[in-house]
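Colleague: Would you mind keeping the following structure in view while I ask a few things?
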Amino acid sequence: MSEFIEIAGVVARNEQGEYLLVQEKIPEAYGKWNLPAGHIDEIEGKPELPTQAALREGNEETGYEFELLDDEPLLVDDQTRPGYRFHTFWARVVGGELRVDHNEILDAGWFDLRAVMELDQSGEMRADWQAAAIRKAEEIYENPGN
């Protein structure tokens with residue numbers, strides 16, 4: 001059993017160079033922007049793989065179906081929030097359509113890199129690891145194969 005509460009999510013970039021974010025509804029992060037992400041669940045008594053949880057959570061929060069571009073995480077962060085470990089995976093949308101479950105999410109949308117960084121600098125992102133994962137995705141996109 002992990003010493004951490006495990007969270008997994010996706011970093012999705014569209015053809016226009018925009019990144020998918022969701023706006024939190026939960027009280028402790030109300031109105032903050034986040035990557036589509038959530039808890040790694042137990043399935044038949046075993047924890048999901050982080051990759052499975054990232055795909056499931058991305059779909060649940062946005063309505064999109066995703067394909068991971070790499071099974072290795074873009075970023076694993078266990079420093080931002082004590083007791084939590086965040087796994088983020090590079091993904092692309094392969095189906096579905098944007099729909100928001102208003103029981104969990106206030107809004108969702110696509111933001112260019114500049115807008116994401118402005119949200120981060122203004123404190124409107126839930127935590128620093130989301131922008132860090134997007135910056136890393138942008139580096140990979142700009143320098144494939146490195």
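Ligands are numbered from 1 in the order shown, residues from 1 within each chain, and chains are lettered A, B, ... in the order they appear in the structure tokens.
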Excluding same-chain residues fewer than 6 positions from Asp101 in chain A, what lies within 10 Å of it counting only C-alpha atoms, as a list in words?
Modeller: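 The residues satisfying every condition are Glu60, Glu61, Thr62, Gly63, Asp107 and Ala108 of chain A.
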Colleague: Which residues of range 2-78 of chain A have any atom within 7 Å of an atom in range 103-106 of chain A when counting only C-alpha atoms, and what is the closest pair of atoms for each, with the distance in Å to one decimal? Order the rows by chain and rising number and write it as JSON lines.
Modeller:
{"residue": "A:Val22", "atom": "CA", "partner": "A:Ile105", "partner_atom": "CA", "distance": 6.7}
{"residue": "A:Gln23", "atom": "CA", "partner": "A:Leu106", "partner_atom": "CA", "distance": 5.3}
{"residue": "A:Glu24", "atom": "CA", "partner": "A:Ile105", "partner_atom": "CA", "distance": 5.2}
{"residue": "A:Lys25", "atom": "CA", "partner": "A:Ile105", "partner_atom": "CA", "distance": 5.0}
{"residue": "A:Ile26", "atom": "CA", "partner": "A:Glu104", "partner_atom": "CA", "distance": 6.9}
Colleague: Find the residues near range 92-98 of chain A: any atom within 6 Å, counting only C-alpha atoms, skip ones fewer than 3 places away on the same chain, and give them as an mmCIF file with N, CA and C atoms, in the first residue's frame.
Modeller:
data_model
loop_
_atom_site.group_PDB
_atom_site.id
_atom_site.type_symbol
_atom_site.label_atom_id
_atom_site.label_comp_id
_atom_site.auth_asym_id
_atom_site.auth_seq_id
_atom_site.Cartn_x
_atom_site.Cartn_y
_atom_site.Cartn_z
ATOM 1 N N ALA A 12 -3.311 17.287 -22.235
ATOM 2 C CA ALA A 12 -3.748 17.155 -23.627
ATOM 3 C C ALA A 12 -3.539 18.481 -24.349
ATOM 4 N N THR A 62 -14.133 15.355 -18.704
ATOM 5 C CA THR A 62 -14.267 16.175 -19.906
ATOM 6 C C THR A 62 -15.175 15.598 -20.979
ATOM 7 N N GLY A 63 -15.450 14.297 -20.942
ATOM 8 C CA GLY A 63 -16.207 13.659 -22.006
ATOM 9 C C GLY A 63 -15.353 13.184 -23.164
ATOM 10 N N TYR A 64 -14.105 13.601 -23.206
ATOM 11 C CA TYR A 64 -13.202 13.166 -24.276
ATOM 12 C C TYR A 64 -12.643 11.778 -23.989
ATOM 13 N N GLU A 65 -12.312 11.075 -25.055
ATOM 14 C CA GLU A 65 -11.540 9.839 -24.955
ATOM 15 C C GLU A 65 -10.105 10.205 -25.320
ATOM 16 N N PHE A 66 -9.165 9.665 -24.556
ATOM 17 C CA PHE A 66 -7.757 10.011 -24.728
ATOM 18 C C PHE A 66 -6.932 8.785 -25.085
ATOM 19 N N GLU A 67 -5.816 9.056 -25.735
ATOM 20 C CA GLU A 67 -4.792 8.066 -25.976
ATOM 21 C C GLU A 67 -3.499 8.642 -25.400
#
Colleague: May I have the residues within 8 Å of range 82-89 of chain A as a PDB file with C-alpha atoms, in the first residue's frame, using only C-alpha atoms and disregarding those fewer than 2 positions away in the same chain?
Modeller:
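What ended up in around05.pdb:
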ATOM      1  CA  GLU A   3       2.242   5.966   1.613  1.00  0.00           C
ATOM      2  CA  PHE A   4       0.667   8.519  -0.727  1.00  0.00           C
ATOM      3  CA  ILE A   5      -2.804   9.276  -1.999  1.00  0.00           C
ATOM      4  CA  GLU A   6      -2.189   8.687  -5.698  1.00  0.00           C
ATOM      5  CA  ILE A   7      -3.607  11.053  -8.334  1.00  0.00           C
ATOM      6  CA  ALA A   8      -3.309  10.664 -12.116  1.00  0.00           C
ATOM      7  CA  GLY A   9      -4.224  12.958 -14.977  1.00  0.00           C
ATOM      8  CA  VAL A  10      -3.656  13.929 -18.569  1.00  0.00           C
ATOM      9  CA  VAL A  11      -1.923  16.804 -20.311  1.00  0.00           C
ATOM     10  CA  PRO A  50      -1.600   5.378 -13.112  1.00  0.00           C
ATOM     11  CA  THR A  51      -2.006   5.250 -16.903  1.00  0.00           C
ATOM     12  CA  ALA A  54      -5.331   9.124 -16.082  1.00  0.00           C
ATOM     13  CA  LEU A  68      -1.528   8.301 -24.071  1.00  0.00           C
ATOM     14  CA  LEU A  69       1.432   9.352 -26.187  1.00  0.00           C
ATOM     15  CA  ASP A  70       3.845   7.789 -23.704  1.00  0.00           C
ATOM     16  CA  ASP A  71       3.370   5.302 -20.860  1.00  0.00           C
ATOM     17  CA  GLU A  72       6.032   7.151 -18.874  1.00  0.00           C
ATOM     18  CA  PRO A  73       4.689  10.141 -16.951  1.00  0.00           C
ATOM     19  CA  LEU A  74       5.594  13.661 -17.984  1.00  0.00           C
ATOM     20  CA  LEU A  75       5.850  14.538 -14.337  1.00  0.00           C
ATOM     21  CA  VAL A  76       5.544  12.799 -10.985  1.00  0.00           C
ATOM     22  CA  ASP A  77       5.204  15.211  -8.082  1.00  0.00           C
ATOM     23  CA  ASP A  78       5.101  14.236  -4.403  1.00  0.00           C
ATOM     24  CA  GLN A  79       6.339  17.579  -3.028  1.00  0.00           C
ATOM     25  CA  THR A  80       3.461  19.965  -3.752  1.00  0.00           C
ATOM     26  CA  ALA A  91      -2.173  12.483 -24.140  1.00  0.00           C
ATOM     27  CA  ALA A 133       3.633  19.417 -16.510  1.00  0.00           C
TER      28      ALA A 133
END
Colleague: From the options A:Glu118, A:Gly123, A:Gln130, A:Glu138, which residue's atoms come nearest to Asn14 in chain A, counting only C-alpha atoms?
Modeller: A:Glu138
Colleague: Taking only C-alpha atoms into account, produce a table as CSV in which each residue of range 83-128 of chain A with an atom at most 7 Å from an atom of range 15-20 of chain A appears once, together with its shortest atom pair and the distance in Å to one decimal, ordered by chain and rising number.
Modeller:
residue,atom,partner,partner_atom,distance
A:Gly109,CA,A:Leu20,CA,5.7
A:Trp110,CA,A:Leu20,CA,4.5
A:Phe111,CA,A:Glu18,CA,4.8
A:Asp112,CA,A:Glu18,CA,4.2
A:Leu113,CA,A:Glu18,CA,6.5
Colleague: Save the residues we just selected, N, CA and C atoms, as a compact mmCIF listing (two decimals), in the first residue's frame?
Modeller:
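Writing done, so here's result-v4.txt:
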# COMPACT_ATOMS: atom_id res chain seq x y z
N GLY A 109 -12.07 23.96 -20.65
CA GLY A 109 -11.76 24.65 -21.89
C GLY A 109 -10.31 24.47 -22.29
N TRP A 110 -10.02 24.98 -23.48
CA TRP A 110 -8.69 24.90 -24.06
C TRP A 110 -8.02 26.26 -23.92
N PHE A 111 -6.76 26.27 -23.48
CA PHE A 111 -6.02 27.50 -23.21
C PHE A 111 -4.65 27.42 -23.88
N ASP A 112 -4.24 28.52 -24.54
CA ASP A 112 -2.90 28.52 -25.10
C ASP A 112 -1.88 28.63 -23.96
N LEU A 113 -0.62 28.38 -24.30
CA LEU A 113 0.43 28.34 -23.28
C LEU A 113 0.51 29.65 -22.50
Colleague: Check the DSSP output for the backbone and give back, as a PyMOL selection string, the residues of chain A in strand (DSSP E).
Modeller: chain A and resi 5-12+18-24+33-34+37-39+42-43+46-47+64-68+75-77+84-96+105-112
Colleague: Which one of A:His102, A:Arg126, A:Asp120, A:Ile43 sits closest to Arg81 in chain A if you count only C-alpha atoms?
Modeller: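 Among the listed residues, the smallest separation from Arg81 in chain A belongs to A:Arg126.
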Colleague: I need the residues of range 25-86 of chain A that end up classed as helix (DSSP H, G or I) by DSSP on the backbone, written out as a PyMOL selection string.
Modeller: chain A and resi 27-29+50-62
Colleague: With N, CA and C atoms retained, write the just-selected residues as a tab-separated table (two decimals), in the first residue's frame.
Modeller:
chain	number	residue	atom	x	y	z
A	27	PRO	N	-14.92	22.30	-2.69
A	27	PRO	CA	-14.75	23.49	-1.86
A	27	PRO	C	-13.31	23.96	-1.66
A	28	GLU	N	-12.37	23.03	-1.44
A	28	GLU	CA	-11.00	23.47	-1.13
A	28	GLU	C	-10.25	24.04	-2.34
A	29	ALA	N	-10.82	23.87	-3.54
A	29	ALA	CA	-10.16	24.39	-4.74
A	29	ALA	C	-11.16	25.07	-5.67
A	50	PRO	N	-1.44	3.93	-12.91
A	50	PRO	CA	-1.60	5.38	-13.11
A	50	PRO	C	-2.06	5.73	-14.53
A	51	THR	N	-1.58	4.99	-15.53
A	51	THR	CA	-2.01	5.25	-16.90
A	51	THR	C	-3.51	5.03	-17.08
A	52	GLN	N	-4.03	3.95	-16.48
A	52	GLN	CA	-5.47	3.66	-16.57
A	52	GLN	C	-6.28	4.76	-15.89
A	53	ALA	N	-5.83	5.17	-14.71
A	53	ALA	CA	-6.55	6.20	-13.96
A	53	ALA	C	-6.54	7.53	-14.71
A	54	ALA	N	-5.42	7.87	-15.33
A	54	ALA	CA	-5.33	9.12	-16.08
A	54	ALA	C	-6.35	9.14	-17.21
A	55	LEU	N	-6.44	8.04	-17.97
A	55	LEU	CA	-7.40	7.96	-19.07
A	55	LEU	C	-8.83	8.02	-18.56
A	56	ARG	N	-9.13	7.27	-17.50
A	56	ARG	CA	-10.49	7.24	-16.94
A	56	ARG	C	-10.89	8.62	-16.42
A	57	GLU	N	-10.02	9.23	-15.62
A	57	GLU	CA	-10.34	10.54	-15.05
A	57	GLU	C	-10.49	11.60	-16.13
A	58	GLY	N	-9.61	11.55	-17.13
A	58	GLY	CA	-9.73	12.52	-18.22
A	58	GLY	C	-11.09	12.41	-18.89
A	59	ASN	N	-11.54	11.19	-19.14
A	59	ASN	CA	-12.84	10.97	-19.76
A	59	ASN	C	-13.97	11.43	-18.85
A	60	GLU	N	-13.91	11.06	-17.58
A	60	GLU	CA	-14.99	11.41	-16.65
A	60	GLU	C	-15.14	12.92	-16.51
A	61	GLU	N	-14.03	13.64	-16.51
A	61	GLU	CA	-14.11	15.09	-16.26
A	61	GLU	C	-14.38	15.91	-17.51
A	62	THR	N	-14.13	15.36	-18.70
A	62	THR	CA	-14.27	16.18	-19.91
A	62	THR	C	-15.18	15.60	-20.98
Colleague: Calculate how many Å separate CA of Leu35 in chain A from CA of Leu21 in chain A, rounding to one decimal.
Modeller: 4.9 Å
Colleague: Which distance in Å separates CA of Met117 in chain A and CA of Ile134 in chain A, to one decimal?
Modeller: 9.2 Å
